[in-house]
$ cat final.txt   # compact mmCIF, C-alpha atoms
# COMPACT_ATOMS: atom_id res chain seq x y z
CA MET A 1 -29.07 -5.92 -160.35
CA SER A 2 -27.12 -8.85 -161.61
CA LYS A 3 -24.16 -6.60 -161.90
CA PHE A 4 -23.93 -6.28 -158.14
CA GLY A 5 -25.45 -9.56 -157.13
CA LYS A 6 -22.57 -11.60 -158.44
CA GLY A 7 -19.57 -12.83 -156.60
CA GLU A 8 -19.16 -14.21 -153.12
CA LYS A 9 -21.21 -13.61 -150.08
CA ARG A 10 -20.96 -10.08 -148.89
CA GLY A 11 -19.09 -9.49 -145.65
CA MET A 12 -17.91 -6.59 -143.56
CA PRO A 13 -14.56 -5.37 -144.78
CA ALA A 14 -11.95 -5.52 -142.11
CA LEU A 15 -11.31 -2.16 -140.46
CA ASN A 16 -7.89 -0.89 -141.25
CA THR A 17 -6.22 -0.45 -137.88
CA SER A 18 -2.77 0.33 -139.13
CA SER A 19 -3.03 3.95 -138.02
CA LEU A 20 -4.25 3.09 -134.56
CA PRO A 21 -0.75 2.93 -133.04
CA ASP A 22 -0.01 6.37 -134.42
CA LEU A 23 -3.11 7.75 -132.82
CA ILE A 24 -2.32 6.23 -129.49
CA PHE A 25 1.26 7.41 -129.71
CA THR A 26 0.07 10.97 -130.21
CA ILE A 27 -2.00 10.82 -127.05
CA LEU A 28 0.88 9.14 -125.29
CA PHE A 29 3.27 11.93 -126.18
CA PHE A 30 0.78 14.50 -124.99
CA PHE A 31 0.65 12.92 -121.58
CA MET A 32 4.38 12.35 -121.49
CA ILE A 33 4.96 16.04 -122.01
CA THR A 34 2.31 17.38 -119.67
CA THR A 35 2.99 14.95 -116.88
CA SER A 36 4.94 16.01 -113.87
CA MET A 37 5.63 13.30 -111.43
CA ARG A 38 5.76 14.16 -107.79
CA GLU A 39 9.36 14.87 -107.02
CA VAL A 40 9.29 14.38 -103.32
CA THR A 41 7.91 11.62 -101.20
CA LEU A 42 5.63 13.14 -98.67
CA MET A 43 6.53 12.48 -95.08
CA VAL A 44 3.91 14.74 -93.60
CA GLU A 45 0.18 14.51 -93.94
CA PHE A 46 -1.64 17.64 -94.81
CA GLU A 47 -5.05 18.70 -95.88
CA VAL A 48 -4.91 22.24 -97.19
CA PRO A 49 -7.70 24.62 -96.20
CA LYS A 50 -10.57 25.48 -98.49
CA GLY A 51 -11.11 28.94 -99.89
CA THR A 52 -13.15 30.80 -102.45
CA GLU A 53 -10.85 33.55 -103.67
CA LEU A 54 -8.01 31.43 -104.98
CA GLU A 55 -5.65 32.24 -107.77
CA LYS A 56 -3.96 29.72 -109.97
CA MET A 57 -0.24 29.31 -109.72
CA THR A 58 1.44 29.37 -113.05
CA LYS A 59 4.93 28.29 -114.04
CA LYS A 60 5.88 25.36 -111.93
CA SER A 61 9.57 26.04 -112.40
CA LEU A 62 9.29 29.16 -110.25
CA ILE A 63 7.71 27.47 -107.30
CA SER A 64 9.38 25.90 -104.30
CA TYR A 65 7.31 23.98 -101.83
CA ILE A 66 7.32 23.86 -98.08
CA TYR A 67 5.18 21.21 -96.47
CA VAL A 68 3.95 21.48 -92.92
CA GLY A 69 1.86 18.96 -91.08
CA PRO A 70 1.91 15.99 -88.74
CA PRO A 71 4.18 13.12 -89.84
CA THR A 72 2.61 10.20 -91.64
CA LYS A 73 1.38 7.24 -89.62
CA GLN A 74 4.49 5.12 -90.18
CA LEU A 75 6.74 7.90 -88.94
CA ARG A 76 4.71 8.89 -85.94
CA PRO A 77 6.28 6.53 -83.42
CA LYS A 78 9.63 8.09 -84.22
CA MET A 79 8.70 11.70 -84.83
CA GLY A 80 5.64 12.25 -82.67
CA SER A 81 2.46 13.78 -83.98
CA ASN A 82 3.38 17.45 -83.76
CA SER A 83 3.51 19.42 -86.97
CA GLN A 84 6.81 19.15 -88.76
CA ILE A 85 8.38 21.00 -91.64
CA GLN A 86 9.36 19.03 -94.69
CA LEU A 87 11.77 20.41 -97.24
CA ASN A 88 12.64 18.26 -100.21
CA ASP A 89 12.79 14.70 -98.97
CA LYS A 90 13.44 15.14 -95.31
CA PHE A 91 12.22 16.74 -92.15
CA ALA A 92 13.82 20.03 -91.41
CA THR A 93 14.15 22.49 -88.63
CA LEU A 94 13.27 26.13 -88.85
CA ALA A 95 16.90 27.12 -89.28
CA GLU A 96 17.16 25.07 -92.46
CA VAL A 97 14.46 27.04 -94.24
CA GLN A 98 16.83 29.81 -95.23
CA ASP A 99 19.37 27.37 -96.65
CA TYR A 100 16.62 25.67 -98.57
CA VAL A 101 15.50 28.94 -100.12
CA TYR A 102 19.04 29.87 -101.13
CA GLN A 103 19.54 26.46 -102.63
CA GLU A 104 16.31 26.58 -104.57
CA ARG A 105 17.16 30.02 -105.82
CA GLU A 106 20.59 28.84 -106.85
CA ASN A 107 19.01 26.15 -109.04
CA MET A 108 16.91 28.65 -110.92
CA LYS A 109 17.67 30.47 -114.08
CA GLU A 110 19.10 33.93 -113.51
CA ALA A 111 16.14 35.62 -115.15
CA ASP A 112 13.66 33.72 -113.01
CA LYS A 113 15.22 34.45 -109.66
CA PRO A 114 13.27 37.62 -108.83
CA PHE A 115 10.01 35.81 -109.51
CA MET A 116 10.62 32.98 -107.15
CA LYS A 117 7.55 31.85 -105.28
CA VAL A 118 7.17 29.72 -102.25
CA SER A 119 4.07 27.65 -101.91
CA LEU A 120 3.14 26.82 -98.35
CA LYS A 121 1.30 23.56 -98.18
CA VAL A 122 0.17 23.62 -94.63
CA ASP A 123 -2.23 21.31 -92.87
CA LYS A 124 -5.32 23.15 -91.74
CA ASP A 125 -5.00 22.02 -88.14
CA THR A 126 -1.52 23.41 -87.74
CA ARG A 127 -1.01 26.18 -85.22
CA MET A 128 -0.04 29.57 -86.60
CA GLY A 129 3.14 29.69 -84.52
CA ILE A 130 5.07 27.43 -86.84
CA VAL A 131 3.66 29.21 -89.90
CA THR A 132 4.65 32.67 -88.70
CA ASP A 133 8.11 31.34 -87.85
CA ILE A 134 8.46 30.06 -91.40
CA LYS A 135 7.24 33.37 -92.75
CA GLN A 136 9.85 35.23 -90.73
CA GLU A 137 12.55 32.95 -92.11
CA LEU A 138 11.29 33.52 -95.63
CA ARG A 139 11.41 37.25 -95.10
CA LYS A 140 14.98 37.02 -93.92
CA SER A 141 15.94 35.11 -97.03
CA TRP A 142 14.07 37.54 -99.29
CA ALA A 143 11.61 35.00 -100.58
CA LEU A 144 8.73 37.41 -100.37
CA ASN A 145 6.26 35.95 -102.81
CA ILE A 146 4.36 33.32 -100.97
CA ASN A 147 1.23 31.41 -101.62
CA TYR A 148 -1.04 29.76 -99.12
CA SER A 149 -1.94 26.63 -100.97
CA ALA A 150 -5.60 25.66 -100.83
CA THR A 151 -8.36 23.87 -102.64
CA SER A 152 -11.46 25.60 -103.84
CA ARG A 153 -14.62 25.25 -101.84
CA ASN A 154 -17.61 23.68 -103.61
CA MET B 1 18.77 -20.45 -157.43
CA GLY B 2 16.56 -19.49 -160.28
CA LYS B 3 13.68 -18.87 -157.95
CA LYS B 4 11.76 -15.67 -157.55
CA LYS B 5 13.28 -12.79 -155.65
CA ARG B 6 12.69 -13.39 -151.98
CA GLU B 7 10.38 -10.90 -150.34
CA VAL B 8 11.03 -9.40 -146.98
CA PRO B 9 8.24 -10.63 -144.72
CA GLU B 10 6.13 -7.83 -143.37
CA LEU B 11 6.55 -7.04 -139.74
CA ASN B 12 3.46 -7.81 -137.77
CA SER B 13 2.65 -4.54 -136.09
CA SER B 14 -0.71 -5.40 -134.66
CA SER B 15 0.63 -5.36 -131.12
CA THR B 16 2.17 -1.89 -131.32
CA ALA B 17 -1.17 -0.46 -130.37
CA ASP B 18 -1.27 -2.62 -127.26
CA ILE B 19 2.21 -1.58 -126.22
CA SER B 20 1.48 2.08 -126.65
CA PHE B 21 -1.79 1.62 -124.83
CA ILE B 22 0.06 0.30 -121.81
CA LEU B 23 2.41 3.26 -121.88
CA LEU B 24 -0.49 5.61 -122.32
CA ILE B 25 -2.30 4.19 -119.32
CA PHE B 26 0.85 4.48 -117.23
CA PHE B 27 1.16 8.19 -117.98
CA LEU B 28 -2.55 8.72 -117.55
CA VAL B 29 -2.29 7.33 -114.06
CA THR B 30 0.87 9.13 -112.99
CA THR B 31 -0.01 12.48 -114.46
CA SER B 32 -1.17 15.25 -112.20
CA MET B 33 -2.57 18.12 -114.14
CA ASP B 34 -4.07 19.88 -111.16
CA THR B 35 -2.53 23.28 -110.97
CA ASP B 36 -1.62 24.56 -107.59
CA LYS B 37 -4.08 27.08 -106.26
CA GLY B 38 -3.98 29.37 -103.30
CA LEU B 39 -3.93 32.86 -101.92
CA ALA B 40 -0.91 34.76 -103.13
CA ARG B 41 0.70 37.17 -100.72
CA ARG B 42 3.71 39.37 -100.67
CA LEU B 43 5.63 39.48 -97.44
CA PRO B 44 7.22 42.71 -96.29
CA PRO B 45 11.01 42.86 -96.67
CA PRO B 46 13.09 41.90 -93.65
CA PRO B 47 12.68 44.36 -90.81
CA GLU B 48 15.29 47.00 -90.30
CA ASP B 49 15.79 49.27 -87.39
CA HIS B 50 13.90 52.24 -88.73
CA GLN B 51 10.99 50.12 -89.82
CA GLU B 52 9.37 50.25 -86.42
CA MET B 53 9.22 54.02 -86.65
CA ASP B 54 7.39 53.94 -89.95
CA GLU B 55 4.61 51.79 -88.69
CA THR B 56 3.66 54.20 -85.98
CA LYS B 57 3.37 56.94 -88.58
CA VAL B 58 0.29 55.39 -90.12
CA LYS B 59 -2.69 57.36 -88.95
CA GLU B 60 -5.14 55.57 -86.75
CA ARG B 61 -8.03 56.08 -89.11
CA ASN B 62 -6.15 54.22 -91.82
CA VAL B 63 -5.74 50.99 -89.93
CA LEU B 64 -8.22 48.20 -89.54
CA GLN B 65 -6.98 45.75 -87.00
CA VAL B 66 -8.08 42.18 -87.26
CA ARG B 67 -6.97 39.89 -84.49
CA ILE B 68 -7.41 36.22 -83.99
CA ASN B 69 -6.56 34.77 -80.62
CA ALA B 70 -5.47 31.30 -79.62
CA MET B 71 -9.08 30.23 -79.15
CA ASP B 72 -9.77 31.11 -82.79
CA GLU B 73 -11.91 34.05 -81.73
CA THR B 74 -11.82 36.98 -84.10
CA MET B 75 -11.95 40.61 -83.19
CA ILE B 76 -11.91 43.71 -85.36
CA GLN B 77 -10.94 47.16 -84.22
CA ILE B 78 -12.68 49.58 -86.51
CA PRO B 79 -11.13 53.05 -86.41
CA GLY B 80 -13.34 55.56 -84.67
CA LYS B 81 -14.97 52.99 -82.44
CA LYS B 82 -13.93 52.59 -78.86
CA GLU B 83 -14.99 49.02 -78.43
CA PRO B 84 -13.68 46.33 -80.72
CA THR B 85 -16.18 44.27 -82.65
CA TYR B 86 -16.25 40.58 -81.92
CA ILE B 87 -16.94 38.43 -84.91
CA THR B 88 -19.17 35.43 -84.67
CA ASP B 89 -19.98 34.99 -88.32
CA LEU B 90 -17.02 35.27 -90.67
CA SER B 91 -19.04 36.96 -93.40
CA GLU B 92 -19.26 40.03 -91.15
CA ILE B 93 -15.57 40.55 -91.82
CA ARG B 94 -16.29 40.99 -95.48
CA THR B 95 -18.91 43.66 -94.86
CA ILE B 96 -16.75 45.56 -92.40
CA ALA B 97 -13.67 45.33 -94.60
CA LYS B 98 -15.58 46.54 -97.65
CA GLU B 99 -16.85 49.59 -95.85
CA PHE B 100 -13.39 50.28 -94.47
CA ILE B 101 -11.59 49.94 -97.80
CA ASP B 102 -14.07 51.92 -99.81
CA ASN B 103 -15.13 54.54 -97.26
CA PRO B 104 -18.17 55.33 -99.41
CA ASN B 105 -19.49 58.21 -97.27
CA ASN B 106 -16.09 59.82 -96.85
CA SER B 107 -16.37 59.45 -93.12
CA ALA B 108 -13.76 61.20 -91.00
CA ASN B 109 -13.10 58.02 -89.05
CA LEU B 110 -12.41 55.79 -91.99
CA PRO B 111 -9.33 56.02 -94.25
CA ASP B 112 -8.73 59.40 -95.85
CA LYS B 113 -9.15 59.68 -99.56
CA VAL B 114 -6.34 60.97 -101.71
CA ALA B 115 -6.64 62.32 -105.22
CA ARG B 116 -4.87 60.08 -107.67
CA GLU B 117 -4.53 60.06 -111.40
CA ILE B 118 -5.40 56.64 -112.73
CA LYS B 119 -5.42 55.70 -116.36
CA LEU B 120 -8.93 55.08 -117.71
CA PHE B 121 -10.51 56.65 -114.65
CA GLY B 122 -8.99 60.12 -114.62
CA THR B 123 -8.59 61.75 -111.25
CA VAL B 124 -10.26 59.81 -108.51
CA TYR B 125 -10.26 59.85 -104.75
CA ILE B 126 -9.09 56.61 -103.31
CA THR B 127 -8.22 55.32 -99.87
CA GLU B 128 -4.69 54.67 -100.85
CA LYS B 129 -3.15 54.64 -97.42
CA HIS B 130 -5.42 52.15 -95.77
CA VAL B 131 -3.93 49.08 -94.18
CA ILE B 132 -5.61 45.98 -92.90
CA SER B 133 -3.45 44.59 -90.19
CA LEU B 134 -3.99 40.95 -89.50
CA GLN B 135 -2.61 39.63 -86.28
CA SER B 136 -2.68 36.09 -85.15
CA ASP B 137 -1.56 34.31 -82.05
CA ARG B 138 0.89 31.45 -82.09
CA GLY B 139 -1.94 29.20 -81.03
CA THR B 140 -4.36 30.23 -83.76
CA SER B 141 -5.27 27.41 -86.08
CA TYR B 142 -4.15 27.77 -89.64
CA SER B 143 -7.59 27.05 -91.04
CA LYS B 144 -9.11 29.97 -89.11
CA TYR B 145 -6.33 32.27 -90.20
CA PHE B 146 -6.80 31.18 -93.77
CA GLU B 147 -10.56 31.69 -93.67
CA VAL B 148 -10.11 35.23 -92.38
CA GLN B 149 -7.54 35.92 -95.10
CA ASN B 150 -9.98 34.52 -97.59
CA GLU B 151 -12.75 36.83 -96.40
CA LEU B 152 -10.47 39.84 -96.63
CA VAL B 153 -9.50 38.98 -100.18
CA ALA B 154 -13.16 38.40 -100.93
CA ALA B 155 -13.90 41.94 -99.76
CA TYR B 156 -11.34 43.32 -102.21
CA ASN B 157 -12.60 41.13 -105.00
CA GLU B 158 -16.18 42.21 -104.46
CA LEU B 159 -15.24 45.87 -104.49
CA ARG B 160 -13.18 45.39 -107.62
CA ASP B 161 -15.97 43.51 -109.26
CA GLU B 162 -18.49 46.23 -108.43
CA LEU B 163 -16.17 48.86 -109.83
CA ALA B 164 -15.62 46.87 -112.99
CA ARG B 165 -19.33 46.47 -113.52
CA GLU B 166 -19.92 50.15 -112.95
CA LYS B 167 -17.14 51.45 -115.19
CA PHE B 168 -16.72 48.79 -117.81
CA HIS B 169 -20.07 46.99 -117.57
CA LYS B 170 -18.57 43.59 -117.14
CA PRO B 171 -17.27 41.46 -114.30
CA PHE B 172 -13.73 41.96 -113.04
CA VAL B 173 -12.54 38.61 -114.33
CA GLU B 174 -13.39 39.56 -117.88
CA CYS B 175 -11.47 42.82 -117.86
CA ASN B 176 -8.46 43.18 -120.08
CA GLU B 177 -5.00 43.93 -118.81
CA ASP B 178 -5.28 47.72 -118.75
CA GLU B 179 -8.66 47.70 -117.07
CA ASN B 180 -7.46 45.12 -114.62
CA LEU B 181 -4.46 47.27 -113.75
CA ALA B 182 -6.58 50.39 -113.31
CA ILE B 183 -8.95 48.61 -110.97
CA ARG B 184 -6.12 47.14 -108.98
CA GLU B 185 -4.71 50.62 -108.60
CA TYR B 186 -8.07 51.88 -107.43
CA TYR B 187 -8.35 49.18 -104.80
CA PRO B 188 -4.79 48.14 -103.95
CA LEU B 189 -4.64 45.04 -101.82
CA LYS B 190 -3.10 46.02 -98.52
CA ILE B 191 -3.18 43.29 -96.00
CA SER B 192 -0.28 43.54 -93.67
CA GLU B 193 0.90 40.39 -92.05
CA ALA B 194 1.98 41.89 -88.80
CA GLU B 195 4.73 40.57 -86.64
CA PRO B 196 3.50 37.63 -84.63
CA ARG B 197 2.59 38.14 -81.02
CA ASN B 198 2.18 35.80 -78.21
CA TYR B 199 -0.80 37.03 -76.27
CA ALA B 200 -0.69 34.09 -73.94
CA LYS B 201 2.62 35.21 -72.52
CA ARG B 202 1.66 38.77 -71.86
$ encode --input "final.txt" --output "C-alpha cells"
Amino acid sequence: MSKFGKGEKRGMPALNTSSLPDLIFTILFFFMITTSMREVTLMVEFEVPKGTELEKMTKKSLISYIYVGPPTKQLRPKMGSNSQIQLNDKFATLAEVQDYVYQERENMKEADKPFMKVSLKVDKDTRMGIVTDIKQELRKSWALNINYSATSRN
Amino acid sequence: MGKKKREVPELNSSSTADISFILLIFFLVTTSMDTDKGLARRLPPPPEDHQEMDETKVKERNVLQVRINAMDETMIQIPGKKEPTYITDLSEIRTIAKEFIDNPNNSANLPDKVAREIKLFGTVYITEKHVISLQSDRGTSYSKYFEVQNELVAAYNELRDELAREKFHKPFVECNEDENLAIREYYPLKISEAEPRNYAKR
C-alpha cells in the first residue's frame, strides 16, 4: 500500500489535446471538399413540386439549371409578379435559352457533352405554357435530357 | 557567453483548434449536400417535316391519351372506349395506366403484344409499341402536370416492381444491373410529351 500511497495528492492528469487540431482539420477538409456553394444568386422564388417517384441526380458537373418562378419580393415592383426565367445570374427571355444551352455545353468536357442534363427548377404554381416553351427551345438546342426537379413527399 | 544553449521556445498551439473550429463551422453552414432529385425525362429530338407522318402511324390501340386542361381537369382516353374517362382522384391514373401498359388479358383494344427476346427472360410478349401521350394546356398549372407525370411513372415503377418480385423474388430497387436492364426492357418507359396545344384558342 505504502508503495502507492506516497507522493503528492493525486489529481486528474491533464488531457493531451495536442491532436485535437488535427482531428478538426480532418473534418474541415472533408467539408471543404464536399461543399458546393450556390453559384447563382436566385432572383426568382420557387417551390418545386412534391413527388414520390424521384430519382437522384448524380454528377453535378453535367447539370445546367433553369429557374422559373415569380421574381423575388424586392424585384417585383420592377419585374411584376409573372413567372420569369432565370439563367445564370439574370432574367432571360425565351430566345436566350438556346444560347445558354450552347454556352453551358461549350464549358463542358468533350466526353461529357452527350450526357448533358438540364434541371428545370420550376415553381409549382407556374403555368405550363412557359414550361412547354422552354422544352421546345431545349429540343431545338438538342438538350434532350431534362429533369423536373422536385422534393420527395413525406 | 558561457551560458547554456538557448532553447527555441515552443509555439503555443492551443488556439489552432479554435481557428479550425471556426473554419469548420463556416463550411458546415455553407455546405449543401442535398442532391438534386426529380423526374428524369428524355425529350424527343427536334421535329422534322416527316415527323408528323410518323405519329399518325401509331395504331389507335397503342395510345393512351392523357389530357389536362387549363382548369387542371384531367381526362384519359382509353383505347376502345368511346367516352373519355374524367379523373377526379389522381390515383385512378395509376390503375388505368398499369392496365394499359401491361395489357394482362391480351385485350384487342389495348396495346398489341410483340414477341421479344430479352436476356434473363427468354422470349416474352410485351407491349412494346405502347405510348402514353400526355397533353397539357398552356394554362395548366405545373404542379398538376407534375403530379400526373408522377402517377404515370409510379405505374411503371409498380409494374417493374411486381415483375422483379415475380422473377427475381426481390424488389426492383435491389436488382443488379442486368436484372434492372431486363426489366426496363420489359416495361420501357414511354411517355410522350406531345406538342403543346392551346385549347382555349380553338
$ closest_residue --input "final.txt" --among "B:Leu28, B:Val8, B:Ile22, B:Val173" --to "A:Met32" --atoms "all atoms listed in the file"
B:Leu28
$ interface_residues --input "final.txt" --of "chain B" --to "chain A" --cutoff "8 Å" --atoms "all atoms listed in the file" --output "ChimeraX atom specification"
/B:13-14,16-17,20-21,23-24,27-28,30-33,35-46,136-143,145-147,150,153-154,157,196
$ residues_around --input "final.txt" --residues "B:Thr85" --least-positions-apart "2" --cutoff "12 Å" --atoms "only C-alpha atoms" --output "PyMOL selection string"
chain B and resi 64-68+73-83+87-89+92-93+96
$ atom_distance --input "final.txt" --atom1 "atom CA of B:Ala108" --atom2 "atom CA of B:Ile191"
21.4 Å
$ atom_distance --input "final.txt" --atom1 "atom CA of A:Ile66" --atom2 "atom CA of A:Val97"
8.7 Å
$ residues_near_point --input "final.txt" --point "(-8.1, 56.1, -107.4)" --cutoff "10 Å" --atoms "all atoms listed in the file" --output "short mmCIF file (atom, residue, chain, number, x, y, z; two decimals) with C-alpha atoms, keeping the file's coordinate frame"
data_model
loop_
_atom_site.label_atom_id
_atom_site.label_comp_id
_atom_site.auth_asym_id
_atom_site.auth_seq_id
_atom_site.Cartn_x
_atom_site.Cartn_y
_atom_site.Cartn_z
CA LYS B 113 -9.15 59.68 -99.56
CA VAL B 114 -6.34 60.97 -101.71
CA ALA B 115 -6.64 62.32 -105.22
CA ARG B 116 -4.87 60.08 -107.67
CA GLU B 117 -4.53 60.06 -111.40
CA ILE B 118 -5.40 56.64 -112.73
CA LYS B 119 -5.42 55.70 -116.36
CA PHE B 121 -10.51 56.65 -114.65
CA GLY B 122 -8.99 60.12 -114.62
CA THR B 123 -8.59 61.75 -111.25
CA VAL B 124 -10.26 59.81 -108.51
CA TYR B 125 -10.26 59.85 -104.75
CA ILE B 126 -9.09 56.61 -103.31
CA THR B 127 -8.22 55.32 -99.87
CA GLU B 128 -4.69 54.67 -100.85
CA ALA B 182 -6.58 50.39 -113.31
CA ILE B 183 -8.95 48.61 -110.97
CA ARG B 184 -6.12 47.14 -108.98
CA GLU B 185 -4.71 50.62 -108.60
CA TYR B 186 -8.07 51.88 -107.43
CA TYR B 187 -8.35 49.18 -104.80
CA PRO B 188 -4.79 48.14 -103.95
#
$ axis_aligned_box --input "final.txt" --around "stretch 78-87 of chain B" --padding-each-side "5 Å" --output "lines of an AutoDock Vina configuration file"
center_x = -14.0
center_y = 47.0
center_z = -82.5
size_x = 15.8
size_y = 27.1
size_z = 18.1
$ atom_distance --input "final.txt" --atom1 "atom CA of B:Ile101" --atom2 "atom CA of B:Val63"
9.9 Å
